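*Asks:* Pasting my_file-v1.txt below, which is compact mmCIF, C-alpha atoms.
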# COMPACT_ATOMS: atom_id res chain seq x y z
CA MET A 30 -20.63 22.27 -5.05
CA HIS A 31 -20.92 20.06 -8.07
CA SER A 32 -24.29 18.76 -9.07
CA GLU A 33 -25.67 17.06 -12.15
CA PRO A 34 -27.42 19.31 -14.70
CA MET A 35 -31.18 19.34 -14.27
CA ASP A 36 -33.92 20.71 -16.51
CA GLY A 37 -31.39 21.80 -19.10
CA ARG A 38 -29.60 24.15 -16.70
CA ARG A 39 -25.89 24.68 -17.08
CA GLU A 40 -23.63 22.49 -14.95
CA ARG A 41 -21.86 24.38 -12.16
CA ARG A 42 -18.10 24.43 -11.87
CA PRO A 43 -17.15 21.97 -9.11
CA GLY A 44 -14.01 23.74 -8.01
CA GLY A 45 -15.13 27.32 -8.54
CA CYS A 46 -17.09 27.62 -5.32
CA GLU A 47 -17.65 30.82 -3.42
CA ALA A 48 -15.38 31.95 -0.61
CA GLY A 49 -15.95 29.85 2.48
CA CYS A 50 -17.24 26.85 0.54
CA GLY A 51 -15.34 23.75 1.70
CA ALA A 52 -13.23 22.12 -0.98
CA GLN A 53 -13.76 18.74 0.63
CA THR A 54 -17.51 19.26 0.43
CA SER A 55 -17.20 19.81 -3.32
CA LEU A 56 -15.13 16.65 -3.71
CA ASP A 57 -17.67 14.70 -1.68
CA ALA A 58 -20.41 15.99 -3.97
CA ILE A 59 -18.45 14.83 -7.03
CA ALA A 60 -17.91 11.42 -5.42
CA GLN A 61 -21.65 11.08 -4.74
CA SER A 62 -22.47 12.09 -8.29
CA ALA A 63 -19.86 9.64 -9.62
CA ARG A 64 -21.48 6.81 -7.66
CA ARG A 65 -24.90 7.63 -9.10
CA ASN A 66 -23.70 7.86 -12.69
CA LYS A 67 -20.71 5.62 -13.44
CA LYS A 68 -20.46 6.67 -17.09
CA LYS A 69 -20.46 10.43 -16.64
CA ARG A 70 -17.41 12.52 -17.59
CA TYR A 71 -16.64 15.59 -15.49
CA ARG A 72 -15.50 19.02 -16.62
CA SER A 73 -13.92 22.05 -14.88
CA LEU A 74 -11.85 19.91 -12.52
CA TYR A 75 -8.74 22.04 -13.00
CA SER A 76 -10.35 24.81 -10.95
CA PHE A 77 -9.78 22.72 -7.81
CA LEU A 78 -6.14 23.73 -8.02
CA ASN A 79 -6.69 26.89 -5.97
CA HIS A 80 -4.83 28.13 -2.91
CA VAL A 81 -7.44 26.69 -0.50
CA CYS A 82 -7.02 23.14 -1.82
CA LEU A 83 -3.28 23.58 -2.19
CA GLU A 84 -2.90 24.67 1.43
CA ARG A 85 -4.97 21.74 2.64
CA ALA A 86 -2.79 19.42 0.55
CA TYR A 87 0.39 20.92 2.01
CA HIS A 88 -0.73 20.19 5.57
CA ALA A 89 -1.74 16.64 4.60
CA LEU A 90 1.75 15.73 3.38
CA ASN A 91 4.28 13.83 5.46
CA LYS A 92 6.38 16.47 7.24
CA ARG A 93 9.41 14.18 7.48
CA ALA A 94 9.38 12.96 3.87
CA ALA A 95 12.59 13.25 1.87
CA ALA A 96 13.10 16.35 -0.27
CA GLY A 97 13.15 16.27 -4.06
CA VAL A 98 15.72 17.55 -6.54
CA ASP A 99 15.38 21.12 -5.28
CA ARG A 100 16.25 19.97 -1.72
CA VAL A 101 13.35 22.04 -0.33
CA SER A 102 11.81 20.30 2.68
CA TRP A 103 8.28 20.58 4.05
CA ASN A 104 9.45 23.02 6.75
CA ASP A 105 11.47 25.11 4.29
CA TYR A 106 8.46 25.56 2.00
CA GLY A 107 6.24 26.45 4.95
CA GLU A 108 8.36 29.40 6.07
CA ASN A 109 6.63 31.57 3.44
CA LEU A 110 3.68 29.31 2.85
CA LYS A 111 1.08 31.89 1.83
CA GLU A 112 3.33 33.58 -0.72
CA ASN A 113 4.57 30.25 -2.10
CA LEU A 114 1.06 28.86 -2.55
CA LEU A 115 -0.25 32.04 -4.17
CA ASP A 116 2.66 31.95 -6.60
CA LEU A 117 2.02 28.26 -7.29
CA GLU A 118 -1.68 28.94 -7.88
CA GLU A 119 -0.85 31.74 -10.30
CA ARG A 120 1.51 29.53 -12.29
CA LEU A 121 -1.13 26.81 -12.46
CA LYS A 122 -3.80 29.25 -13.66
CA THR A 123 -1.59 30.77 -16.34
CA LYS A 124 -0.25 27.33 -17.38
CA ARG A 125 3.31 28.33 -16.48
CA TYR A 126 3.68 25.48 -14.00
CA ARG A 127 6.46 23.05 -14.91
CA ALA A 128 6.97 19.63 -13.36
CA LYS A 129 10.45 19.22 -11.87
CA TRP A 130 12.61 16.15 -12.22
CA VAL A 131 11.99 13.37 -9.74
CA ARG A 132 14.86 12.10 -7.64
CA ARG A 133 15.44 8.34 -7.95
CA VAL A 134 16.50 6.35 -4.89
CA PHE A 135 16.84 2.61 -4.38
CA ILE A 136 15.70 0.82 -1.23
CA PRO A 137 16.49 -2.81 -0.29
CA LYS A 138 13.80 -5.26 -1.34
CA GLY A 139 15.28 -8.52 -0.08
CA ASN A 140 17.19 -11.29 -1.86
CA ASP A 141 19.85 -8.74 -2.82
CA LYS A 142 17.31 -6.82 -4.89
CA VAL A 143 16.34 -3.16 -4.71
CA ARG A 144 13.14 -1.27 -5.39
CA PRO A 145 13.38 2.02 -7.34
CA LEU A 146 11.41 4.90 -5.82
CA SER A 147 10.93 8.40 -7.19
CA ILE A 148 10.80 11.44 -4.90
CA PRO A 149 9.09 14.53 -6.37
CA ALA A 150 9.78 18.10 -5.32
CA ILE A 151 7.56 19.57 -2.60
CA GLU A 152 5.50 21.71 -5.01
CA ASP A 153 4.84 18.70 -7.22
CA LYS A 154 3.75 16.73 -4.15
CA ILE A 155 1.26 19.44 -3.21
CA VAL A 156 -0.35 19.63 -6.65
CA GLN A 157 -0.32 15.85 -7.04
CA TYR A 158 -2.15 15.47 -3.73
CA VAL A 159 -5.04 17.61 -5.00
CA VAL A 160 -5.16 15.73 -8.30
CA LYS A 161 -5.07 12.44 -6.39
CA GLU A 162 -8.16 13.46 -4.41
CA ILE A 163 -9.97 14.44 -7.62
CA LEU A 164 -9.22 11.12 -9.29
CA GLU A 165 -10.21 9.17 -6.17
CA ALA A 166 -13.56 10.95 -6.09
CA LEU A 167 -14.19 10.08 -9.74
CA PHE A 168 -12.94 6.51 -9.94
CA GLU A 169 -13.61 5.05 -6.49
CA ALA A 170 -17.17 4.27 -7.54
CA LEU A 171 -15.85 2.11 -10.39
CA PHE A 172 -13.41 0.01 -8.36
CA LEU A 173 -14.55 -3.49 -7.39
CA ASP A 174 -14.82 -4.89 -3.87
CA THR A 175 -12.01 -7.36 -4.54
CA SER A 176 -9.47 -4.54 -5.06
CA PHE A 177 -7.78 -3.37 -1.85
CA GLY A 178 -4.53 -1.55 -2.63
CA TYR A 179 -4.17 2.17 -1.80
CA ARG A 180 -7.88 2.70 -1.20
CA LYS A 181 -9.50 4.44 1.75
CA LYS A 182 -10.83 2.19 4.52
CA ARG A 183 -9.20 -0.86 2.90
CA SER A 184 -6.15 -2.57 4.35
CA PRO A 185 -3.81 -5.45 3.44
CA ARG A 186 -5.25 -7.52 6.29
CA GLN A 187 -8.74 -7.15 4.81
CA ALA A 188 -7.38 -8.46 1.50
CA VAL A 189 -5.79 -11.43 3.31
CA GLU A 190 -9.02 -12.34 5.08
CA ARG A 191 -11.11 -11.81 1.94
CA LEU A 192 -8.89 -14.21 -0.02
CA ARG A 193 -9.13 -16.80 2.75
CA ASP A 194 -12.92 -16.59 2.78
CA GLU A 195 -13.17 -16.74 -1.01
CA LEU A 196 -10.85 -19.73 -1.39
CA ASN A 197 -12.84 -21.60 1.24
CA GLN A 198 -15.84 -21.51 -1.10
CA LYS A 199 -15.14 -24.51 -3.37
CA CYS A 200 -11.89 -23.24 -4.92
CA THR A 201 -9.50 -26.12 -5.65
CA TRP A 202 -7.07 -24.48 -8.11
CA VAL A 203 -5.11 -21.26 -7.63
CA VAL A 204 -3.26 -19.00 -10.05
CA GLU A 205 -0.60 -16.87 -8.35
CA ALA A 206 0.71 -14.13 -10.64
CA ASP A 207 3.13 -11.22 -10.49
CA ILE A 208 3.42 -8.41 -13.05
CA SER A 209 7.01 -7.73 -14.02
CA SER A 210 8.09 -4.12 -13.22
CA PHE A 211 4.49 -2.93 -13.26
CA PHE A 212 5.03 0.76 -12.49
CA ASP A 213 7.89 1.01 -15.00
CA THR A 214 5.97 -0.59 -17.90
CA ILE A 215 2.58 1.13 -17.77
CA ASP A 216 1.62 2.33 -21.25
CA ARG A 217 1.01 6.07 -20.90
CA ASP A 218 -1.25 6.35 -23.96
CA TRP A 219 -3.54 3.67 -22.56
CA LEU A 220 -3.46 5.35 -19.14
CA VAL A 221 -4.57 8.68 -20.59
CA LYS A 222 -7.44 6.96 -22.44
CA MET A 223 -8.53 5.36 -19.18
CA LEU A 224 -8.40 8.67 -17.33
CA GLU A 225 -10.53 10.26 -20.03
CA ARG A 226 -13.29 7.77 -19.29
CA ARG A 227 -14.21 10.07 -16.38
CA VAL A 228 -12.15 13.24 -16.90
CA ASN A 229 -13.41 15.69 -19.50
CA ASP A 230 -10.92 18.40 -18.63
CA ARG A 231 -8.01 18.69 -21.02
CA SER A 232 -6.07 21.01 -18.68
CA LEU A 233 -6.03 18.36 -15.96
CA ILE A 234 -4.99 15.65 -18.41
CA ARG A 235 -2.11 17.80 -19.68
CA LEU A 236 -0.99 18.38 -16.10
CA ILE A 237 -0.85 14.64 -15.44
CA GLU A 238 1.06 14.14 -18.69
CA LYS A 239 3.69 16.63 -17.47
CA TRP A 240 4.40 14.41 -14.46
CA LEU A 241 4.49 11.30 -16.64
CA ARG A 242 7.13 12.89 -18.90
CA ALA A 243 9.22 14.39 -16.08
CA GLY A 244 12.89 13.45 -16.11
CA VAL A 245 14.37 11.08 -13.54
CA LEU A 246 17.54 12.18 -11.74
CA GLN A 247 19.61 9.07 -11.06
CA PRO A 248 21.97 8.71 -8.05
CA ASP A 249 24.97 9.11 -10.36
CA GLY A 250 23.73 12.52 -11.53
CA SER A 251 22.45 11.48 -14.95
CA VAL A 252 18.90 12.28 -16.07
CA ASN A 253 16.69 9.78 -17.87
CA HIS A 254 13.45 10.40 -19.72
CA PRO A 255 11.66 7.01 -19.84
CA GLU A 256 8.93 6.64 -22.43
CA ARG A 257 6.85 4.24 -20.35
CA GLY A 258 5.74 3.89 -16.75
CA THR A 259 4.90 6.16 -13.84
CA ALA A 260 7.01 7.45 -10.97
CA GLN A 261 6.58 4.79 -8.28
CA GLY A 262 6.67 6.38 -4.83
CA SER A 263 5.16 9.71 -5.82
CA THR A 264 2.04 11.10 -4.16
CA LEU A 265 -0.08 10.50 -7.25
CA SER A 266 1.26 7.17 -8.58
CA PRO A 267 -0.97 4.71 -6.63
CA VAL A 268 -4.23 6.09 -8.05
CA PRO A 269 -3.32 5.89 -11.79
CA ALA A 270 -1.92 2.42 -11.08
CA ASN A 271 -5.25 1.35 -9.57
CA ILE A 272 -7.13 2.86 -12.51
CA TYR A 273 -4.90 1.07 -15.01
CA LEU A 274 -5.31 -2.35 -13.38
CA HIS A 275 -9.03 -1.80 -12.91
CA PHE A 276 -9.59 -1.65 -16.66
CA VAL A 277 -6.85 -4.14 -17.57
CA LEU A 278 -7.56 -6.82 -14.97
CA ASP A 279 -10.47 -6.30 -12.55
CA GLN A 280 -13.16 -5.30 -15.00
CA TRP A 281 -11.95 -7.85 -17.56
CA PHE A 282 -12.04 -10.69 -15.01
CA SER A 283 -15.45 -9.71 -13.67
CA HIS A 284 -17.26 -9.02 -16.96
CA GLU A 285 -15.53 -10.51 -19.98
CA MET A 286 -13.92 -13.58 -18.41
CA GLY A 287 -16.85 -14.05 -16.05
CA SER A 288 -19.07 -15.06 -18.96
CA ILE A 289 -16.87 -18.07 -19.84
CA PHE A 290 -16.12 -19.32 -16.32
CA THR A 291 -17.82 -22.47 -15.09
CA GLY A 292 -17.92 -23.12 -11.38
CA ARG A 293 -16.59 -20.67 -8.83
CA ALA A 294 -13.94 -18.09 -9.84
CA VAL A 295 -12.55 -15.34 -7.59
CA LEU A 296 -9.87 -12.67 -7.83
CA VAL A 297 -8.38 -10.70 -4.92
CA LYS A 298 -5.91 -7.91 -5.70
CA TYR A 299 -3.76 -5.61 -3.59
CA ALA A 300 -2.00 -3.03 -5.79
CA ASP A 301 -0.24 -5.14 -8.46
CA ASP A 302 -0.26 -8.36 -6.39
CA PHE A 303 -3.20 -10.65 -7.08
CA VAL A 304 -4.35 -14.24 -6.63
CA ALA A 305 -7.16 -15.99 -8.53
CA GLY A 306 -9.00 -19.09 -7.37
CA PHE A 307 -11.05 -21.54 -9.45
CA ARG A 308 -13.03 -24.69 -8.93
CA TYR A 309 -11.90 -26.45 -12.11
CA HIS A 310 -8.43 -27.01 -13.53
CA THR A 311 -9.51 -26.32 -17.11
CA VAL A 312 -10.85 -22.90 -16.16
CA ALA A 313 -7.64 -22.03 -14.27
CA SER A 314 -5.55 -23.02 -17.32
CA ARG A 315 -7.75 -21.00 -19.65
CA PHE A 316 -7.49 -17.95 -17.39
CA LEU A 317 -3.69 -18.11 -17.22
CA ARG A 318 -3.39 -18.28 -21.03
CA ALA A 319 -5.86 -15.42 -21.49
CA LEU A 320 -4.13 -13.37 -18.76
CA LYS A 321 -0.82 -13.37 -20.61
CA GLN A 322 -2.50 -12.13 -23.80
CA ARG A 323 -4.51 -9.52 -21.92
CA LEU A 324 -1.46 -8.02 -20.20
CA GLU A 325 0.57 -7.98 -23.42
CA LYS A 326 -2.16 -5.93 -25.09
CA PHE A 327 -1.58 -3.17 -22.52
CA GLY A 328 2.21 -3.35 -22.48
CA LEU A 329 2.54 -5.53 -19.37
CA SER A 330 4.03 -8.97 -18.84
CA LEU A 331 4.06 -11.67 -16.18
CA ALA A 332 7.18 -12.53 -14.19
CA PRO A 333 7.67 -16.23 -15.05
CA GLU A 334 9.51 -17.04 -11.82
CA LYS A 335 6.63 -15.70 -9.71
CA THR A 336 3.67 -16.95 -11.77
CA ARG A 337 2.26 -20.44 -11.37
CA LYS A 338 -0.88 -22.56 -11.35
CA PHE A 339 -1.24 -25.20 -8.64
CA MET A 340 -3.69 -27.37 -6.76
CA PHE A 341 -5.15 -26.03 -3.53
CA ASN A 342 -7.55 -28.87 -2.76
CA ARG A 343 -9.02 -29.76 0.60
CA PHE A 344 -9.89 -33.24 -0.73
CA ASN A 345 -6.32 -34.01 -1.81
CA LEU A 346 -4.07 -32.59 0.89
CA GLU A 347 -1.01 -34.57 -0.24
CA ARG A 348 -0.93 -32.75 -3.59
CA SER A 349 -2.23 -29.43 -2.29
CA GLU A 350 0.48 -26.75 -2.31
CA THR A 351 1.01 -23.64 -0.20
CA PHE A 352 1.45 -20.05 -1.35
CA GLU A 353 2.16 -16.61 0.10
CA PHE A 354 0.17 -13.40 -0.18
CA LEU A 355 0.90 -10.10 1.63
CA GLY A 356 3.15 -11.71 4.24
CA PHE A 357 0.88 -14.69 5.01
CA GLU A 358 1.29 -18.33 4.10
CA TYR A 359 -1.90 -20.09 2.98
CA ARG A 360 -2.16 -23.86 3.39
CA ARG A 361 -4.72 -26.62 3.64
CA SER A 362 -4.53 -28.48 6.95
CA VAL A 363 -6.33 -31.20 8.88
CA ALA A 364 -7.56 -30.72 12.44
CA ARG A 365 -7.27 -33.41 15.12
CA SER A 366 -10.92 -34.18 14.58
CA GLY A 367 -10.15 -35.04 10.95
CA ARG A 368 -11.87 -31.96 9.55
CA ASP A 369 -9.96 -30.09 6.85
CA TYR A 370 -9.55 -26.34 7.08
CA MET A 371 -7.46 -23.49 5.68
CA SER A 372 -4.75 -22.14 7.96
CA LEU A 373 -2.88 -18.85 7.82
CA ARG A 374 0.47 -18.16 9.37
CA THR A 375 3.12 -15.48 9.02
CA SER A 376 5.35 -16.43 6.11
CA ARG A 377 8.90 -17.47 6.94
CA LYS A 378 10.26 -14.90 4.51
CA LYS A 379 8.36 -12.12 6.26
CA LEU A 380 9.44 -13.41 9.67
CA ARG A 381 13.10 -13.27 8.67
CA LYS A 382 12.64 -9.71 7.45
CA ILE A 383 10.95 -8.68 10.71
CA THR A 384 13.80 -10.26 12.68
CA ALA A 385 16.48 -8.47 10.65
CA GLN A 386 14.75 -5.09 10.91
CA PHE A 387 14.23 -5.36 14.68
CA THR A 388 17.85 -6.44 15.17
CA GLU A 389 19.13 -3.39 13.29
CA TRP A 390 16.79 -1.15 15.27
CA CYS A 391 17.96 -2.56 18.61
CA LYS A 392 21.61 -2.11 17.64
CA GLY A 393 20.96 1.55 16.88
CA VAL A 394 18.96 2.48 20.00
CA ARG A 395 20.40 0.19 22.67
CA ASN A 396 22.14 3.07 24.47
CA LYS A 397 18.96 5.11 24.88
CA ARG A 398 17.01 5.10 28.13
CA LEU A 399 14.75 2.15 28.88
CA ARG A 400 11.74 4.39 29.39
CA TRP A 401 12.13 5.42 25.72
CA ILE A 402 13.00 1.97 24.31
CA MET A 403 10.28 -0.09 25.98
CA PRO A 404 7.23 1.88 24.73
CA MET A 405 8.71 1.75 21.21
CA VAL A 406 9.11 -2.03 21.43
CA LYS A 407 5.55 -2.36 22.70
CA SER A 408 4.30 -0.19 19.83
CA LYS A 409 6.12 -2.35 17.27
CA LEU A 410 4.67 -5.53 18.77
CA THR A 411 1.17 -4.07 18.82
CA GLU A 412 1.45 -3.08 15.17
CA LEU A 413 2.57 -6.58 14.18
CA LYS A 414 -0.15 -8.18 16.30
CA ASN A 415 -2.83 -6.00 14.70
CA TYR A 416 -1.71 -7.09 11.24
CA PHE A 417 -0.82 -10.74 11.76
CA GLY A 418 -3.38 -11.48 14.45
CA VAL A 419 -5.86 -13.26 12.21
CA GLY A 420 -7.76 -16.29 13.42
CA GLY A 421 -5.52 -19.34 13.93
CA ASN A 422 -2.21 -17.43 13.70
CA TRP A 423 -1.53 -17.26 17.43
CA ARG A 424 1.60 -19.42 17.12
CA SER A 425 3.24 -16.85 14.82
CA ILE A 426 2.33 -14.03 17.20
CA ARG A 427 3.92 -15.94 20.08
CA GLU A 428 6.97 -16.65 17.93
CA ILE A 429 7.40 -12.95 17.10
CA ARG A 430 7.18 -12.06 20.79
CA MET A 431 9.87 -14.59 21.69
CA ILE A 432 12.11 -13.38 18.86
CA PHE A 433 11.78 -9.80 20.08
CA LYS A 434 12.53 -10.91 23.63
CA ARG A 435 15.75 -12.72 22.67
CA ILE A 436 17.01 -9.91 20.44
CA LEU A 437 16.24 -7.28 23.07
CA PHE A 438 18.01 -9.31 25.77
CA LYS A 439 21.10 -9.66 23.58
CA TRP A 440 21.49 -6.00 22.64
CA LEU A 441 20.53 -4.46 25.97
CA ASN A 442 23.32 -6.55 27.49
CA ARG A 443 25.75 -4.90 25.09
CA ARG A 444 25.13 -1.38 26.32
CA SER A 445 28.46 -1.51 28.15
CA GLU A 446 31.25 -3.93 29.02
CA ARG A 447 29.29 -5.01 32.05
CA LYS A 448 26.30 -7.27 31.52
CA SER A 449 23.13 -5.38 32.43
CA PHE A 450 20.60 -8.21 32.88
CA ASN A 451 20.21 -11.86 33.63
CA TRP A 452 17.01 -13.56 32.51
CA SER A 453 15.32 -13.03 35.87
CA THR A 454 15.87 -9.26 36.02
CA PHE A 455 15.19 -8.94 32.29
CA ASP A 456 11.83 -10.67 32.65
CA GLY A 457 11.03 -8.41 35.58
CA MET A 458 11.85 -5.35 33.46
CA LEU A 459 9.52 -6.56 30.70
CA ARG A 460 6.78 -7.08 33.24
CA PHE A 461 7.33 -3.63 34.70
CA TYR A 462 6.92 -1.98 31.29
CA ASN A 463 4.24 -4.51 30.24
CA VAL A 464 6.01 -4.94 26.92
CA LEU A 465 4.94 -8.48 26.05
CA GLY A 466 1.42 -8.20 27.39
CA TYR A 467 2.22 -8.91 31.02
CA GLU A 468 0.14 -7.23 33.69
CA HIS A 469 1.69 -4.36 35.64
CA ILE A 470 3.17 -5.88 38.82
CA ARG A 471 5.13 -3.02 40.35
CA ASN A 472 3.67 -3.70 43.79
CA GLU A 473 3.60 -7.52 43.74
CA GLY A 474 7.00 -8.09 45.32
CA VAL A 475 8.89 -8.89 42.12
CA GLN A 476 12.61 -8.13 42.23
CA LEU A 477 13.14 -5.05 40.04
CA SER A 478 16.80 -4.42 40.81
CA PHE A 479 17.41 -3.09 37.30
CA LEU A 480 15.59 0.10 38.32
CA SER A 481 18.45 1.04 40.60
CA LYS A 482 20.88 1.09 37.68
CA PRO A 483 21.11 4.05 35.32
CA ALA A 484 18.88 3.40 32.33
So, in terms of structure tokens, how does the structure I just supplied come out?
*Replies:*
Amino acid sequence: MHSEPMDGRRERRPGGCEAGCGAQTSLDAIAQSARRNKKKRYRSLYSFLNHVCLERAYHALNKRAAAGVDRVSWNDYGENLKENLLDLEERLKTKRYRAKWVRRVFIPKGNDKVRPLSIPAIEDKIVQYVVKEILEALFEALFLDTSFGYRKKRSPRQAVERLRDELNQKCTWVVEADISSFFDTIDRDWLVKMLERRVNDRSLIRLIEKWLRAGVLQPDGSVNHPERGTAQGSTLSPVPANIYLHFVLDQWFSHEMGSIFTGRAVLVKYADDFVAGFRYHTVASRFLRALKQRLEKFGLSLAPEKTRKFMFNRFNLERSETFEFLGFEYRRSVARSGRDYMSLRTSRKKLRKITAQFTEWCKGVRNKRLRWIMPMVKSKLTELKNYFGVGGNWRSIREIRMIFKRILFKWLNRRSERKSFNWSTFDGMLRFYNVLGYEHIRNEGVQLSFLSKPA
């Protein structure tokens, strides 16, 4: 277990614990020490890359994740897990470990755009998971409360509610910004300098640099070696991204810019999406000019089409604009009593995406049995309700339920040439499975004739 040196005694190796010592306990000890001393740099971190930590990382990975360039899946690697991990540990110890290429795939992003993702090989995922835990233990103590992306016990909904609460506190101007191709434009030299603020282990830094320099296998078979950026989608990438933006944006806004702000100024960030609120227009304008210069210093740039400054004023609702953040639409509204308030609703763009995804899902599973389909539909609705069910957004929740109901009715009636349901029997089926929140009424005399048909 790692502890700070006391009375001139030599610092113990955090990863070189005796047999039976829990690796997680050692990481927890480092995290506690990092919280007590936010300027300390830690040594001997590379020793965490032992077979105990590697095995724990293997079992923590997603079993159904896509395979990398070597086409070795989670199950394939686990057939000889002990031998594979011992060999991996030996290569790490003797510095013979080599990072494999990452496989590049493109997923739809909306508006005819795609998002590039990189899929590492299974061994790289295992080692990256351990390194990710080490970096989280060291840097979590530095991250600010207004940063929510890819952090334990922090969710997008918390970021949404935090922004709502902050903007309610005398913020009348908002700056909405988007960093252009953030993961692809990170300056690696700056990133290494930021990592070295807490990591005093050259072996671990060199290991991270291997992943940064790894080639990218494109879908057409070509291999690229980009000089900037990190592999978005890899096990490790979210943590270095958080570290980079912490020093570039969060700390700068809180400390350096905070000294020149007058009135209230807030910043809420989820990954590379962030919104800043200000009380005065002059301060918002000054921040936007300084933000462009700050990002350019670290190799980043703003996307002009997604960056703007606008009024968000409860005292001037006619000029007050709306904006979107993490799937929610923020707007100033007036209640029947005449009192102004901030309302949240599911953004129309997000609602269209939910509709399209559920339609495709229904088309693909419509021929399965109802007792399989209905619990899945209920699970999807519950997940959406848990995310979008913030105060005042009940109309959007009801709208999503009705959309699901119409789509389900349409595609279940296309299971065969013969129409399976009318609205009466369909509603009875939904009540029977309690899909939309209805109470179970099996024994209340409702006509459930659909049960007599093969499902």
*Asks:* From the list A:Ile155, A:Leu329, A:Ala188, A:Ala95, which residue is nearest Ile208 in chain A when using all atoms listed in the file?
*Replies:*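 Of A:Ile155, A:Leu329, A:Ala188, A:Ala95, the one nearest Ile208 in chain A, counting all atoms listed in the file, is A:Leu329.
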*Asks:* Compile the contact shell of Ile148 in chain A as a list in words: residues with an atom at most 6 Å away, counting only C-alpha atoms, same-chain residues fewer than 5 positions apart removed.
*Replies:*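 Here the qualifying residues turn out to be Gly97, Val131, Arg132 and Ser263 of chain A.
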*Asks:* Kindly indicate which residue among A:Leu437, A:Ile429, A:Leu74, A:Leu117 lies nearest to Leu399 in chain A, using only C-alpha atoms for the distances.
*Replies:*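 For Leu399 in chain A, the nearest of the given residues is A:Leu437.
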*Asks:* Counting only C-alpha atoms, write as a VMD selection string all protein and nucleic acid residues lying at most 10 Å from (6.1, 25.2, 5.3) in the file's frame.
*Replies:* chain A and resid 84 87 to 88 92 101 to 111 113 151
*Asks:* To one decimal in Å, tell me the separation between CA of Phe339 in chain A and CA of Arg180 in chain A.
*Replies:* 29.6 Å
*Asks:* What does the distance between CA of Arg427 in chain A and CA of Gly457 in chain A come to in Å, to one decimal place?
*Replies:*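 Spanning CA of Arg427 in chain A to CA of Gly457 in chain A is a straight-line distance of 18.6 Å.
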*Asks:* Mind listing whatever residues come within 12 Å of the point (2.3, -2.9, 10.9)? Use all atoms listed in the file, file coordinates, and give them as a ChimeraX atom specification.
*Replies:* /A:184-186,355-356,379,383,408-418
*Asks:* Output as a compact mmCIF listing (two decimals), in the coordinates of the input: range 156-165 of chain A, completed with N, CA, C and O atoms.
*Replies:*
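File written: rebuild28.txt
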# COMPACT_ATOMS: atom_id res chain seq x y z
N VAL A 156 0.61 19.65 -5.54
CA VAL A 156 -0.35 19.63 -6.65
C VAL A 156 -0.83 18.20 -6.90
O VAL A 156 -2.02 17.97 -7.17
N GLN A 157 0.07 17.24 -6.81
CA GLN A 157 -0.32 15.85 -7.04
C GLN A 157 -1.33 15.38 -6.00
O GLN A 157 -2.21 14.57 -6.30
N TYR A 158 -1.20 15.87 -4.77
CA TYR A 158 -2.15 15.47 -3.73
C TYR A 158 -3.58 15.90 -4.09
O TYR A 158 -4.53 15.15 -3.91
N VAL A 159 -3.71 17.13 -4.60
CA VAL A 159 -5.04 17.61 -5.00
C VAL A 159 -5.58 16.79 -6.15
O VAL A 159 -6.75 16.38 -6.16
N VAL A 160 -4.73 16.52 -7.15
CA VAL A 160 -5.16 15.73 -8.30
C VAL A 160 -5.52 14.31 -7.86
O VAL A 160 -6.48 13.71 -8.36
N LYS A 161 -4.77 13.77 -6.91
CA LYS A 161 -5.07 12.44 -6.39
C LYS A 161 -6.48 12.40 -5.78
O LYS A 161 -7.25 11.46 -6.02
N GLU A 162 -6.83 13.42 -5.02
CA GLU A 162 -8.16 13.46 -4.41
C GLU A 162 -9.26 13.56 -5.48
O GLU A 162 -10.33 12.97 -5.34
N ILE A 163 -8.99 14.31 -6.53
CA ILE A 163 -9.97 14.44 -7.62
C ILE A 163 -10.20 13.09 -8.29
O ILE A 163 -11.34 12.66 -8.49
N LEU A 164 -9.10 12.40 -8.61
CA LEU A 164 -9.22 11.12 -9.29
C LEU A 164 -9.88 10.07 -8.39
O LEU A 164 -10.66 9.24 -8.85
N GLU A 165 -9.57 10.10 -7.10
CA GLU A 165 -10.21 9.17 -6.17
C GLU A 165 -11.71 9.39 -6.13
O GLU A 165 -12.50 8.43 -6.10
